[in-house]
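Peer 1: The following file, upload16.cif, comprises mmCIF, C-alpha atoms and all ligand atoms:
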```cif
data_coords
loop_
_atom_site.label_atom_id
_atom_site.label_comp_id
_atom_site.auth_asym_id
_atom_site.auth_seq_id
_atom_site.Cartn_x
_atom_site.Cartn_y
_atom_site.Cartn_z
CA MET A 1 116.84 -122.48 -76.58
CA THR A 2 117.79 -120.71 -79.82
CA LYS A 3 118.65 -117.01 -79.99
CA GLU A 4 115.36 -116.34 -81.77
CA GLN A 5 113.36 -118.17 -79.08
CA ARG A 6 115.22 -116.25 -76.35
CA ARG A 7 114.36 -112.97 -78.08
CA ASN A 8 110.69 -113.89 -78.39
CA LEU A 9 110.56 -114.90 -74.73
CA PHE A 10 112.20 -111.64 -73.73
CA LYS A 11 109.71 -109.72 -75.88
CA LEU A 12 106.85 -111.47 -74.12
CA LEU A 13 108.24 -110.90 -70.62
CA SER A 14 109.09 -107.27 -71.23
CA PHE A 15 105.79 -106.46 -72.89
CA ARG A 16 104.40 -105.05 -69.64
CA SER A 17 107.14 -102.39 -69.47
CA ALA A 18 107.15 -101.53 -73.18
CA MET A 19 109.38 -98.56 -73.69
CA LYS A 20 108.48 -96.17 -76.44
CA THR A 21 111.35 -95.85 -78.86
CA LEU A 22 111.88 -93.47 -81.74
CA ILE A 23 114.65 -93.81 -84.31
CA ILE A 24 115.58 -90.80 -86.41
CA TYR A 25 117.93 -91.70 -89.23
CA VAL A 26 119.41 -90.54 -92.52
CA SER A 27 120.60 -93.06 -95.09
CA CYS A 28 121.10 -91.42 -98.45
CA HIS A 29 124.07 -93.25 -100.02
CA HIS A 30 123.15 -96.95 -100.35
CA HIS A 31 120.51 -97.35 -97.60
CA ASN A 32 123.19 -99.02 -95.48
CA THR A 33 122.19 -97.25 -92.28
CA GLU A 34 118.54 -97.90 -93.01
CA LYS A 35 119.23 -101.66 -92.83
CA VAL A 36 120.78 -101.17 -89.39
CA ALA A 37 117.93 -98.85 -88.31
CA ARG A 38 115.38 -101.50 -89.31
CA ALA A 39 117.26 -104.30 -87.51
CA ILE A 40 117.51 -102.30 -84.28
CA GLY A 41 114.02 -100.87 -84.70
CA LYS A 42 112.41 -104.28 -85.07
CA LEU A 43 113.79 -105.51 -81.75
CA LEU A 44 112.87 -102.31 -79.93
CA ASN A 45 109.50 -102.03 -81.62
CA ALA A 46 110.53 -98.51 -82.60
CA THR A 47 108.98 -95.90 -84.84
CA LEU A 48 111.41 -95.00 -87.64
CA VAL A 49 111.45 -91.53 -89.16
CA THR A 50 113.76 -89.25 -91.12
CA PRO A 51 114.59 -85.78 -89.72
CA ALA A 52 112.03 -84.28 -92.14
CA GLU A 53 109.32 -86.62 -90.81
CA ALA A 54 110.17 -86.16 -87.12
CA ASN A 55 107.57 -84.26 -85.10
CA LEU A 56 109.40 -82.33 -82.42
CA ASP A 57 106.13 -81.54 -80.63
CA ASN A 58 105.61 -85.15 -79.51
CA ILE A 59 109.22 -86.20 -79.10
CA SER A 60 109.00 -86.08 -75.30
CA GLU A 61 106.54 -89.00 -75.46
CA TYR A 62 109.45 -91.33 -76.21
CA ASP A 63 111.56 -93.03 -73.54
CA LEU A 64 114.46 -93.77 -75.83
CA ILE A 65 115.55 -92.02 -79.02
CA GLY A 66 118.07 -93.39 -81.51
CA PHE A 67 119.99 -91.11 -83.86
CA GLY A 68 121.63 -92.73 -86.86
CA SER A 69 123.21 -91.89 -90.20
CA GLY A 70 125.92 -92.76 -92.64
CA ILE A 71 129.20 -90.96 -92.09
CA TYR A 72 129.59 -88.18 -94.63
CA TYR A 73 132.90 -86.34 -94.69
CA ALA A 74 133.93 -87.50 -91.23
CA SER A 75 130.64 -86.47 -89.65
CA MET A 76 127.12 -87.65 -88.94
CA ASP A 77 124.52 -86.24 -91.35
CA LYS A 78 124.12 -82.45 -91.13
CA GLU A 79 120.30 -82.54 -91.24
CA LEU A 80 120.28 -84.93 -88.27
CA GLN A 81 122.62 -82.64 -86.37
CA ALA A 82 120.46 -79.61 -87.21
CA LEU A 83 117.43 -81.44 -85.82
CA VAL A 84 119.27 -82.08 -82.56
CA ASP A 85 120.07 -78.36 -82.36
CA ARG A 86 116.33 -77.60 -82.61
CA LEU A 87 115.33 -80.04 -79.84
CA PRO A 88 114.13 -78.67 -76.52
CA PRO A 89 116.12 -79.77 -73.47
CA LEU A 90 115.09 -83.40 -72.83
CA ASN A 91 116.02 -85.62 -69.97
CA LYS A 92 115.85 -88.79 -72.07
CA LYS A 93 117.94 -91.76 -73.02
CA ALA A 94 119.49 -91.84 -76.46
CA PHE A 95 121.70 -94.03 -78.60
CA ILE A 96 123.79 -93.27 -81.66
CA PHE A 97 124.46 -95.53 -84.61
CA SER A 98 126.13 -95.23 -87.98
CA THR A 99 127.57 -97.04 -90.96
CA ARG A 100 130.86 -95.89 -92.41
CA GLY A 101 133.42 -96.60 -95.07
CA MET A 102 136.41 -96.68 -92.80
CA GLY A 103 137.85 -94.98 -89.76
CA PRO A 104 136.85 -94.71 -86.10
CA SER A 105 133.17 -94.28 -85.28
CA SER A 106 133.93 -92.85 -81.83
CA ILE A 107 135.44 -89.78 -83.50
CA TYR A 108 132.72 -89.55 -86.15
CA HIS A 109 130.03 -89.64 -83.43
CA ARG A 110 131.77 -87.10 -81.24
CA THR A 111 129.95 -83.87 -82.22
CA LEU A 112 126.50 -85.46 -82.17
CA ARG A 113 127.26 -87.15 -78.84
CA LYS A 114 128.39 -83.83 -77.34
CA ASN A 115 125.33 -81.96 -78.64
CA LEU A 116 122.92 -84.63 -77.40
CA MET A 117 124.49 -84.51 -73.96
CA LYS A 118 124.15 -80.70 -73.98
CA LYS A 119 120.42 -81.24 -74.48
CA GLY A 120 120.31 -83.45 -71.40
CA PHE A 121 120.34 -86.86 -73.12
CA ILE A 122 121.97 -89.81 -71.43
CA ILE A 123 123.76 -91.85 -74.11
CA THR A 124 123.16 -95.50 -73.30
CA GLY A 125 124.97 -96.98 -76.29
CA GLU A 126 126.65 -96.47 -79.63
CA PHE A 127 126.87 -98.81 -82.60
CA SER A 128 128.64 -98.62 -85.92
CA CYS A 129 129.55 -101.01 -88.70
CA LYS A 130 131.03 -100.83 -92.16
CA GLY A 131 128.80 -99.94 -95.10
CA TRP A 132 129.21 -100.15 -98.86
CA ASP A 133 130.98 -96.97 -99.91
CA THR A 134 131.26 -95.80 -103.51
CA ASN A 135 131.92 -92.16 -102.74
CA GLY A 136 134.10 -90.26 -105.22
CA PRO A 137 136.88 -92.20 -106.91
CA LEU A 138 135.93 -95.38 -105.00
CA ALA A 139 133.11 -95.74 -107.54
CA TYR A 140 135.64 -96.62 -110.27
CA VAL A 141 136.63 -99.78 -108.42
CA GLY A 142 133.12 -100.78 -107.28
CA GLY A 143 133.61 -99.18 -103.88
CA ILE A 144 134.72 -100.69 -100.60
CA ASN A 145 132.82 -102.94 -98.16
CA LYS A 146 130.54 -104.24 -100.92
CA GLY A 147 127.64 -106.20 -99.43
CA ARG A 148 127.87 -104.54 -96.05
CA PRO A 149 126.17 -104.29 -93.73
CA HIS A 150 125.97 -108.05 -94.12
CA GLU A 151 124.05 -110.53 -91.99
CA LYS A 152 126.80 -110.67 -89.32
CA ASP A 153 126.72 -106.86 -89.01
CA LEU A 154 122.95 -106.92 -88.64
CA GLU A 155 123.18 -109.66 -86.04
CA LYS A 156 125.57 -107.44 -84.07
CA ALA A 157 123.08 -104.58 -84.45
CA ARG A 158 120.35 -106.82 -83.03
CA GLU A 159 122.60 -107.79 -80.10
CA PHE A 160 123.20 -104.09 -79.49
CA ALA A 161 119.43 -103.51 -79.46
CA GLU A 162 118.97 -106.33 -76.95
CA LYS A 163 121.49 -104.69 -74.65
CA LEU A 164 119.57 -101.42 -74.93
CA ARG A 165 116.44 -103.27 -73.91
CA ASN A 166 118.23 -104.70 -70.88
CA ILE A 167 119.38 -101.24 -69.89
CA HIS A 168 115.79 -100.11 -69.89
CA SER A 169 114.99 -102.76 -67.29
CA SER A 170 118.02 -101.74 -65.13
CA PRO A 171 118.21 -97.96 -65.55
CA SER A 172 121.65 -97.26 -64.08
CA ARG A 173 123.62 -99.18 -66.71
CA GLY A 174 125.07 -98.12 -70.06
CA LEU A 175 126.88 -99.96 -72.88
C1 LIG B 1 129.51 -87.92 -99.60
C2 LIG B 1 130.06 -89.08 -98.80
C3 LIG B 1 131.09 -88.86 -97.88
C4 LIG B 1 131.57 -89.93 -97.10
N1 LIG B 1 132.54 -89.69 -96.15
C5 LIG B 1 132.97 -90.71 -95.36
C6 LIG B 1 133.95 -90.48 -94.33
O1 LIG B 1 134.42 -89.38 -94.12
N2 LIG B 1 134.35 -91.54 -93.58
C7 LIG B 1 133.84 -92.79 -93.77
O2 LIG B 1 134.24 -93.71 -93.05
N3 LIG B 1 132.92 -93.04 -94.73
C8 LIG B 1 132.48 -92.03 -95.51
N4 LIG B 1 131.53 -92.27 -96.49
C9 LIG B 1 130.99 -93.64 -96.63
C10 LIG B 1 129.64 -93.79 -95.94
O3 LIG B 1 129.74 -93.42 -94.60
C11 LIG B 1 129.17 -95.23 -96.03
O4 LIG B 1 129.07 -95.63 -97.35
C12 LIG B 1 127.84 -95.37 -95.31
O5 LIG B 1 127.57 -96.73 -95.14
C13 LIG B 1 126.71 -94.72 -96.07
O6 LIG B 1 125.52 -94.93 -95.40
P1 LIG B 1 124.09 -94.81 -96.09
O7 LIG B 1 124.04 -95.80 -97.24
O8 LIG B 1 123.15 -95.13 -95.01
O9 LIG B 1 123.97 -93.38 -96.55
C14 LIG B 1 131.05 -91.24 -97.28
C15 LIG B 1 130.05 -91.45 -98.26
C16 LIG B 1 129.55 -90.38 -98.98
C17 LIG B 1 128.45 -90.63 -100.02
#
```
Show me this structure written as structure tokens.
Peer 2:
Amino acid sequence: MTKEQRRNLFKLLSFRSAMKTLIIYVSCHHHNTEKVARAIGKLLNATLVTPAEANLDNISEYDLIGFGSGIYYASMDKELQALVDRLPPLNKKAFIFSTRGMGPSSIYHRTLRKNLMKKGFIITGEFSCKGWDTNGPLAYVGGINKGRPHEKDLEKAREFAEKLRNIHSSPSRGL
């Protein structure tokens, strides 16, 4: 059975326990993070919104909420972080994802992770990959990571999403 067939079968079998997933993302540089958001969102059948579009009044309807952005000056997007500050306490599952030029995602995710946990979220996974970066002087040389996220990155994002789906069926596990 091919990967695609396995995914379709899984979709069919898990249809009865469809979890409601929301992805809130910011992707203002080259839409790198948006590509990842769409890849993950497709597998999870998620609603994708920006922080400006997010409706905090109905956020508790979702079982799983993903927070994603590019890394800007060693941090997740400020607007995304401000939205998290405005959230009511929620006992929900969440995941974090990003694209970045270079450097360690675990450090870049740290503040958002901490603030989500303060709001009562259980972080069930984190994903990051390289993204095309032409910030500042990098523009003069065409940037770094041109073409990324590429198909292999997006495949890894889809694998990450599949793991999230599995966690939903066995609630005590995390990535
Ligand atoms: C203003 C700005 C600051 C950035 N700062 C960092 C940084 O501190 N560390 C890093 O790894 N990448 C940094 N980058 C690169 C972006 O994280 C990378 O290009 C990312 O894929 C952009 O995602 P987006 O296209 O979804 O906005 C920066 C890019 C911009 C535009």
Peer 1: Excluding range 124-129 of chain A and any residue of its chain fewer than 3 positions from it, enumerate the residues within 8 Å of it, using only C-alpha atoms, and give them as a VMD selection string.
Peer 2: chain A and resid 93 to 100 105 149 153 157 160 164 167 173 to 175
Peer 1: I'd like to know which of A:Leu43, A:Leu80, A:Val26, A:Ile107 is closest to ligand LIG 1 (chain B), using all atoms listed in the file.
Peer 2: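 Between A:Leu43, A:Leu80, A:Val26, A:Ile107, the residue approaching ligand LIG 1 (chain B) most closely is A:Val26.
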Peer 1: Kindly compile the residues surrounding ligand LIG 1 (chain B) within 9 Å, counting only C-alpha atoms and all ligand atoms, and format them as JSON, numbers by chain.
Peer 2: {"A": [25, 26, 27, 28, 29, 30, 31, 32, 33, 34, 35, 36, 68, 69, 70, 71, 72, 73, 74, 75, 76, 77, 98, 99, 100, 101, 102, 103, 104, 105, 108, 129, 130, 131, 132, 133, 134, 135, 136, 143, 144, 145, 148, 149]}
Peer 1: For each of A:Lys78, A:Lys3, A:Lys146, A:Arg165, take the minimum atom-to-atom distance to Thr111 in chain A, counting all atoms listed in the file, then give the residue where this is smallest.
Peer 2: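 The closest residue to Thr111 in chain A is A:Lys78.
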Peer 1: Got a sec: who's within 10 Å of range 46-61 of chain A, counting only C-alpha atoms, leaving out chain neighbours fewer than 6 positions off, as a ChimeraX atom specification?
Peer 2: /A:19-27,34,37-38,40,67-69,79-84,86-92
Peer 1: Rounded to one decimal, what separation in Å do you get between CA of Asp85 in chain A and CA of Leu112 in chain A?
Peer 2: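 Straight-line distance from CA of Asp85 in chain A to CA of Leu112 in chain A works out to 9.6 Å.
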Peer 1: Grab the CA of Glu159 in chain A to CA of Asn115 in chain A distance for me, in Å with one decimal place.
Peer 2: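 So the two atoms, CA of Glu159 in chain A and CA of Asn115 in chain A, lie 26.0 Å apart.
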Peer 1: Give me the box for range 79-90 of chain A as AutoDock Vina command-line options, namely the centre and edge lengths in Å to one decimal of a box along x, y and z that holds every listed atom plus 5 Å on each side.
Peer 2:
```
--center_x 118.4 --center_y -81.3 --center_z -82.0 --size_x 18.5 --size_y 17.3 --size_z 28.4
```
Peer 1: One decimal, in Å: what's the spacing between CA of His168 in chain A and CA of Lys118 in chain A?
Peer 2: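 Going from CA of His168 in chain A over to CA of Lys118 in chain A covers 21.5 Å.
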Peer 1: Using all atoms listed in the file, find the one residue out of A:Leu44, A:Leu116, A:Leu138, A:Met1 that sits nearest to Asn166 in chain A.
Peer 2: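 The shortest atom-to-atom distance to Asn166 in chain A comes from A:Leu44.
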Peer 1: Between A:Lys152, A:Lys114, A:Gly66, A:Val141, which residue has the minimum interatomic distance to Gly41 in chain A, considering all atoms listed in the file?
Peer 2: A:Gly66
Peer 1: Hey, which of A:Ala39, A:Asn45, A:Gln5, A:Ile122 ends up closest to Ala18 in chain A? Count all atoms listed in the file.
Peer 2: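 Smallest distance to Ala18 in chain A is found for A:Asn45.
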